[in-house]
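Structure file query_24.cif with mmCIF, C-alpha atoms:
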```
data_target
loop_
_atom_site.group_PDB
_atom_site.id
_atom_site.type_symbol
_atom_site.label_atom_id
_atom_site.label_comp_id
_atom_site.auth_asym_id
_atom_site.auth_seq_id
_atom_site.Cartn_x
_atom_site.Cartn_y
_atom_site.Cartn_z
ATOM 1 C CA MET Q 4 -8.870 7.906 -13.915
ATOM 2 C CA ILE Q 5 -5.420 6.594 -12.943
ATOM 3 C CA LEU Q 6 -3.785 8.282 -9.955
ATOM 4 C CA LYS Q 7 -0.781 10.289 -11.148
ATOM 5 C CA ARG Q 8 2.640 10.662 -9.538
ATOM 6 C CA GLY Q 9 1.641 13.915 -7.815
ATOM 7 C CA PHE Q 10 -0.950 11.995 -5.772
ATOM 8 C CA TYR Q 11 1.809 9.843 -4.234
ATOM 9 C CA ASN Q 12 4.429 12.596 -3.985
ATOM 10 C CA ARG Q 13 2.802 13.971 -0.795
ATOM 11 C CA ASN Q 14 2.749 13.334 2.937
ATOM 12 C CA THR Q 15 2.462 9.571 3.447
ATOM 13 C CA LEU Q 16 -0.288 9.804 6.081
ATOM 14 C CA ASN Q 17 -2.456 11.783 3.671
ATOM 15 C CA VAL Q 18 -1.769 9.341 0.837
ATOM 16 C CA ALA Q 19 -2.638 6.384 3.113
ATOM 17 C CA LYS Q 20 -6.018 7.938 3.976
ATOM 18 C CA ASP Q 21 -6.719 9.091 0.426
ATOM 19 C CA LEU Q 22 -6.091 5.599 -1.006
ATOM 20 C CA LEU Q 23 -9.121 4.305 0.903
ATOM 21 C CA GLY Q 24 -11.969 3.745 -1.538
ATOM 22 C CA CYS Q 25 -9.630 3.861 -4.544
ATOM 23 C CA PHE Q 26 -9.493 0.874 -6.868
ATOM 24 C CA LEU Q 27 -6.433 -1.310 -7.232
ATOM 25 C CA ILE Q 28 -6.607 -2.634 -10.797
ATOM 26 C CA ARG Q 29 -4.871 -5.916 -11.589
ATOM 27 C CA LYS Q 30 -4.788 -7.328 -15.102
ATOM 28 C CA ILE Q 31 -3.946 -11.014 -15.368
ATOM 29 C CA GLY Q 32 -4.025 -12.155 -18.978
ATOM 30 C CA SER Q 33 -7.386 -11.081 -20.413
ATOM 31 C CA ARG Q 34 -8.942 -10.755 -16.937
ATOM 32 C CA THR Q 35 -9.203 -7.402 -15.131
ATOM 33 C CA ILE Q 36 -9.830 -7.388 -11.378
ATOM 34 C CA LYS Q 37 -11.042 -4.207 -9.677
ATOM 35 C CA ALA Q 38 -10.318 -4.247 -5.935
ATOM 36 C CA MET Q 39 -11.462 -1.421 -3.641
ATOM 37 C CA ILE Q 40 -8.785 -0.493 -1.088
ATOM 38 C CA THR Q 41 -10.265 -0.763 2.424
ATOM 39 C CA GLU Q 42 -7.210 -0.679 4.709
ATOM 40 C CA THR Q 43 -3.736 0.884 4.569
ATOM 41 C CA GLU Q 44 -0.720 1.494 6.801
ATOM 42 C CA ALA Q 45 1.883 4.252 6.539
ATOM 43 C CA TYR Q 46 5.657 3.830 6.949
ATOM 44 C CA MET Q 47 7.768 7.003 6.959
ATOM 45 C CA GLY Q 48 11.434 7.784 7.253
ATOM 46 C CA GLU Q 49 14.499 6.101 8.657
ATOM 47 C CA ASP Q 50 13.435 6.977 12.210
ATOM 48 C CA ASP Q 51 10.252 4.876 11.881
ATOM 49 C CA LEU Q 52 11.448 1.663 13.547
ATOM 50 C CA ALA Q 53 8.656 -0.328 11.873
ATOM 51 C CA SER Q 54 9.885 0.657 8.418
ATOM 52 C CA HIS Q 55 12.391 -1.382 6.413
ATOM 53 C CA ALA Q 56 14.186 1.942 5.870
ATOM 54 C CA SER Q 57 15.080 2.119 9.578
ATOM 55 C CA LYS Q 58 18.089 -0.067 8.739
ATOM 56 C CA GLY Q 59 19.223 2.454 6.128
ATOM 57 C CA ARG Q 60 19.533 2.380 2.379
ATOM 58 C CA THR Q 61 20.053 -1.199 1.210
ATOM 59 C CA PRO Q 62 19.411 -3.083 -2.038
ATOM 60 C CA ARG Q 63 16.083 -4.228 -0.525
ATOM 61 C CA THR Q 64 14.942 -0.730 0.476
ATOM 62 C CA GLU Q 65 16.349 1.209 -2.493
ATOM 63 C CA LEU Q 66 12.853 1.532 -4.026
ATOM 64 C CA MET Q 67 11.554 3.239 -0.866
ATOM 65 C CA PHE Q 68 14.143 5.986 -1.417
ATOM 66 C CA GLY Q 69 13.100 6.368 -5.049
ATOM 67 C CA VAL Q 70 10.391 8.071 -7.044
ATOM 68 C CA ALA Q 71 6.841 8.106 -5.674
ATOM 69 C CA GLY Q 72 4.237 5.956 -7.402
ATOM 70 C CA ARG Q 73 6.180 2.705 -7.672
ATOM 71 C CA ALA Q 74 5.262 -0.678 -6.233
ATOM 72 C CA TYR Q 75 7.503 -1.900 -3.411
ATOM 73 C CA ILE Q 76 6.840 -5.612 -2.993
ATOM 74 C CA TYR Q 77 8.548 -7.877 -0.511
ATOM 75 C CA MET Q 78 8.024 -11.277 1.037
ATOM 76 C CA ILE Q 79 7.231 -11.917 4.717
ATOM 77 C CA TYR Q 80 7.480 -15.180 6.628
ATOM 78 C CA GLY Q 81 9.070 -16.681 3.521
ATOM 79 C CA MET Q 82 5.673 -17.192 1.883
ATOM 80 C CA TYR Q 83 3.508 -14.038 1.648
ATOM 81 C CA HIS Q 84 4.024 -11.009 -0.554
ATOM 82 C CA CYS Q 85 3.086 -7.486 0.547
ATOM 83 C CA LEU Q 86 2.255 -4.595 -1.786
ATOM 84 C CA ASN Q 87 3.382 -1.097 -0.822
ATOM 85 C CA ILE Q 88 3.258 2.101 -2.827
ATOM 86 C CA VAL Q 89 6.242 4.438 -2.548
ATOM 87 C CA THR Q 90 5.337 7.967 -1.431
ATOM 88 C CA GLU Q 91 6.911 11.382 -0.820
ATOM 89 C CA LYS Q 92 9.960 12.972 -2.402
ATOM 90 C CA LYS Q 93 12.961 11.106 -3.780
ATOM 91 C CA ASP Q 94 15.552 10.137 -1.142
ATOM 92 C CA PHE Q 95 12.979 10.233 1.699
ATOM 93 C CA PRO Q 96 11.990 6.592 2.351
ATOM 94 C CA ALA Q 97 8.243 6.227 2.725
ATOM 95 C CA ALA Q 98 5.512 3.899 1.531
ATOM 96 C CA VAL Q 99 1.918 2.852 2.112
ATOM 97 C CA LEU Q 100 1.152 -0.823 2.686
ATOM 98 C CA ILE Q 101 -2.100 -1.993 1.113
ATOM 99 C CA ARG Q 102 -3.540 -4.129 3.942
ATOM 100 C CA ALA Q 103 -6.964 -5.100 2.598
ATOM 101 C CA VAL Q 104 -9.192 -4.826 -0.462
ATOM 102 C CA LYS Q 105 -12.773 -5.686 -1.315
ATOM 103 C CA ILE Q 106 -13.469 -7.502 -4.588
ATOM 104 C CA GLU Q 107 -17.012 -8.073 -5.784
ATOM 105 C CA GLY Q 108 -17.827 -11.783 -5.810
ATOM 106 C CA ILE Q 109 -14.930 -12.773 -3.512
ATOM 107 C CA ASP Q 110 -15.313 -13.389 0.219
ATOM 108 C CA TYR Q 111 -13.694 -10.471 2.093
ATOM 109 C CA LYS Q 112 -11.921 -12.955 4.398
ATOM 110 C CA LYS Q 113 -9.772 -13.922 1.382
ATOM 111 C CA THR Q 114 -8.544 -10.350 0.788
ATOM 112 C CA ASN Q 115 -8.473 -8.773 4.279
ATOM 113 C CA GLY Q 116 -4.739 -9.070 4.815
ATOM 114 C CA PRO Q 117 -1.700 -7.954 2.811
ATOM 115 C CA GLY Q 118 -0.549 -11.496 2.051
ATOM 116 C CA LYS Q 119 -4.069 -12.691 1.242
ATOM 117 C CA LEU Q 120 -4.798 -9.903 -1.231
ATOM 118 C CA CYS Q 121 -1.466 -10.443 -2.990
ATOM 119 C CA LYS Q 122 -2.252 -14.147 -3.310
ATOM 120 C CA VAL Q 123 -5.713 -13.527 -4.815
ATOM 121 C CA LEU Q 124 -4.402 -10.799 -7.140
ATOM 122 C CA LYS Q 125 -1.252 -12.750 -8.073
ATOM 123 C CA ILE Q 126 1.037 -9.937 -6.931
ATOM 124 C CA ASP Q 127 4.616 -11.015 -6.358
ATOM 125 C CA ARG Q 128 8.198 -9.742 -6.659
ATOM 126 C CA LYS Q 129 7.967 -9.768 -10.457
ATOM 127 C CA LEU Q 130 5.965 -6.543 -10.062
ATOM 128 C CA ASN Q 131 8.481 -4.951 -7.668
ATOM 129 C CA GLY Q 132 9.369 -1.478 -8.949
ATOM 130 C CA LYS Q 133 6.361 -1.305 -11.288
ATOM 131 C CA ASP Q 134 5.292 2.256 -12.078
ATOM 132 C CA ILE Q 135 1.638 2.239 -11.005
ATOM 133 C CA THR Q 136 0.982 5.742 -12.372
ATOM 134 C CA LYS Q 137 0.653 4.251 -15.855
ATOM 135 C CA LYS Q 138 -1.961 1.911 -17.263
ATOM 136 C CA GLY Q 139 -0.680 -1.643 -17.353
ATOM 137 C CA ASN Q 140 -1.124 -4.813 -15.335
ATOM 138 C CA LEU Q 141 -1.118 -2.996 -11.952
ATOM 139 C CA TYR Q 142 -2.352 0.533 -11.226
ATOM 140 C CA ILE Q 143 -4.746 2.493 -8.994
ATOM 141 C CA GLU Q 144 -7.790 4.515 -10.039
ATOM 142 C CA LYS Q 145 -9.661 7.260 -8.219
ATOM 143 C CA PRO Q 146 -12.996 6.283 -6.661
ATOM 144 C CA ALA Q 147 -16.228 7.508 -8.253
ATOM 145 C CA GLN Q 148 -16.939 9.543 -5.127
ATOM 146 C CA LYS Q 149 -14.750 10.985 -2.387
ATOM 147 C CA ILE Q 150 -14.624 9.073 0.898
ATOM 148 C CA SER Q 151 -15.904 10.959 3.935
ATOM 149 C CA LYS Q 152 -13.297 11.502 6.662
ATOM 150 C CA LYS Q 153 -15.961 10.257 9.117
ATOM 151 C CA SER Q 154 -15.817 6.810 7.472
ATOM 152 C CA ILE Q 155 -12.090 6.375 8.225
ATOM 153 C CA VAL Q 156 -11.089 4.485 11.373
ATOM 154 C CA VAL Q 157 -7.601 5.307 12.647
ATOM 155 C CA GLY Q 158 -5.560 2.783 14.652
ATOM 156 C CA ARG Q 159 -2.163 1.329 15.443
ATOM 157 C CA ARG Q 160 -0.245 -0.624 12.850
ATOM 158 C CA ILE Q 161 -0.355 -4.410 13.136
ATOM 159 C CA GLY Q 162 2.463 -6.901 13.794
ATOM 160 C CA ILE Q 163 5.209 -4.445 14.718
ATOM 161 C CA ASP Q 164 5.731 -5.052 18.437
ATOM 162 C CA TYR Q 165 9.519 -4.878 17.847
ATOM 163 C CA ALA Q 166 9.250 -1.191 16.808
ATOM 164 C CA LYS Q 167 9.490 0.288 20.339
ATOM 165 C CA HIS Q 168 7.650 3.641 20.580
ATOM 166 C CA CYS Q 169 6.798 3.522 16.841
ATOM 167 C CA LYS Q 170 4.316 0.713 17.481
ATOM 168 C CA GLU Q 171 2.090 3.339 19.138
ATOM 169 C CA TYR Q 172 1.785 5.500 16.025
ATOM 170 C CA LEU Q 173 -1.777 5.751 14.722
ATOM 171 C CA TRP Q 174 -0.773 5.114 11.128
ATOM 172 C CA ARG Q 175 -3.294 2.411 10.129
ATOM 173 C CA PHE Q 176 -6.421 3.522 8.295
ATOM 174 C CA THR Q 177 -9.515 1.431 7.687
ATOM 175 C CA LEU Q 178 -12.636 2.227 5.738
ATOM 176 C CA SER Q 179 -15.729 1.641 7.866
ATOM 177 C CA TYR Q 180 -19.014 0.694 6.228
#
```
Using structure tokens, write down the structure from this file.
Amino acid sequence: MILKRGFYNRNTLNVAKDLLGCFLIRKIGSRTIKAMITETEAYMGEDDLASHASKGRTPRTELMFGVAGRAYIYMIYGMYHCLNIVTEKKDFPAAVLIRAVKIEGIDYKKTNGPGKLCKVLKIDRKLNGKDITKKGNLYIEKPAQKISKKSIVVGRRIGIDYAKHCKEYLWRFTLSY
């Protein structure tokens, strides 16, 4: 069952945890890839110095201020794409970064980073703004069974040393096995 807009239109920290164990579905031509989400990071509000929205509303960040349930995709280091899902109410900039996925038959080392998973799943800026609450070439489905809160490891976000006190926030969530 595809996750509906109401799932994303909630507190970003809850969405980030609840995405663990869900399946990111990517259709490429006639091929369908089902990737289990194993790691996420939350970014919330203009006062979160690690968030792109901390610099205000710009053409780049406009999607983060928009409707929940859309893909926000950007490039880092001039070569890697990152997939985020917009969360919360309109005009409040928030999103969840999909940091890692597990795909049956593919070595986890190839999908355990936001740039790596986008490369394997052929996710790029062409999908920026995509409504993932509808069946298409990119959407997320509920897991068959609910993930136990005990199986979620909470930690600091990665690669945001510039974010002053915000780098200490425990807004990264990983599914332990």
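Nearest residue to Lys153 (chain Q), choosing from Q:Leu178, Q:Asp51, Q:Leu22, Q:Ala97 and counting only C-alpha atoms: Q:Leu178.
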Which residues come within 10 Å of Tyr80 (chain Q), counting only C-alpha atoms, excluding same-chain residues fewer than 3 positions away, as an mmCIF file with C-alpha atoms, in the coordinates of the input?
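So selection26.cif came out as:
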```cif
data_model
loop_
_atom_site.group_PDB
_atom_site.id
_atom_site.type_symbol
_atom_site.label_atom_id
_atom_site.label_comp_id
_atom_site.auth_asym_id
_atom_site.auth_seq_id
_atom_site.Cartn_x
_atom_site.Cartn_y
_atom_site.Cartn_z
ATOM 1 C CA TYR Q 83 3.508 -14.038 1.648
ATOM 2 C CA HIS Q 84 4.024 -11.009 -0.554
ATOM 3 C CA GLY Q 118 -0.549 -11.496 2.051
#
```
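Every protein or nucleic acid residue with an atom no more than 10 Å from Lys122 (chain Q), counting all atoms listed in the file and leaving out same-chain residues fewer than 3 positions away, appears here: Met82, Tyr83, His84, Cys85, Lys113, Thr114, Gly116, Pro117, Gly118, Lys119, Lys125, Ile126 and Asp127 of chain Q.
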| query | What would the list of residues within 7 Å of (-3.4, -0.9, 2.7) (file frame) look like as a PyMOL selection string, if all atoms listed in the file are what count? | reply | chain Q and resi 40-44+99-103
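Interatomic distance, CA of Arg73 (chain Q) against CA of Ala53 (chain Q): 19.9 Å.
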| What do you get, as a ChimeraX atom specification, if you spell out every residue that the PyMOL selection byres ((chain Q and resi 169) around 12) selects here? | /Q:45-54,57,159-168,170-174
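Within the file as shown, the PyMOL selection byres ((chain Q and resi 136) around 10) identifies Q:Ile5, Q:Leu6, Q:Lys7, Q:Arg8, Q:Gly9, Q:Phe10, Q:Tyr11, Q:Ala71, Q:Gly72, Q:Arg73, Q:Ala74, Q:Lys133, Q:Asp134, Q:Ile135, Q:Lys137, Q:Lys138, Q:Gly139, Q:Leu141, Q:Tyr142, Q:Ile143, Q:Glu144.
Proximity to Arg13 (chain Q) was assessed for Q:Arg60, Q:Lys105, Q:His55, Q:Lys92 counting all atoms listed in the file; the smallest distance is recorded for Q:Lys92.
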| Using the chain letters and numbers from the file, which residues does the PyMOL selection byres ((chain Q and resi 66) around 9) grab, as a PyMOL selection string? | chain Q and resi 62-65+67-70+73-75+89+96+131-132
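The nearest approach to Ser33 (chain Q) among the residues Q:Asn140, Q:Cys121, Q:Lys93, Q:Ile106, with all atoms listed in the file taken into account, belongs to Q:Asn140.
Interatomic distance, CA of Leu86 (chain Q) to CA of Met39 (chain Q): 14.2 Å.
As for CA of Arg175 (chain Q) and CA of Lys37 (chain Q), they are spaced 22.3 Å apart.
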| Out of Q:Ser179, Q:Ala19, Q:Lys112, Q:Met78, which residue has the shortest atom-to-atom distance to Val156 (chain Q) when counting all atoms listed in the file? | Q:Ser179
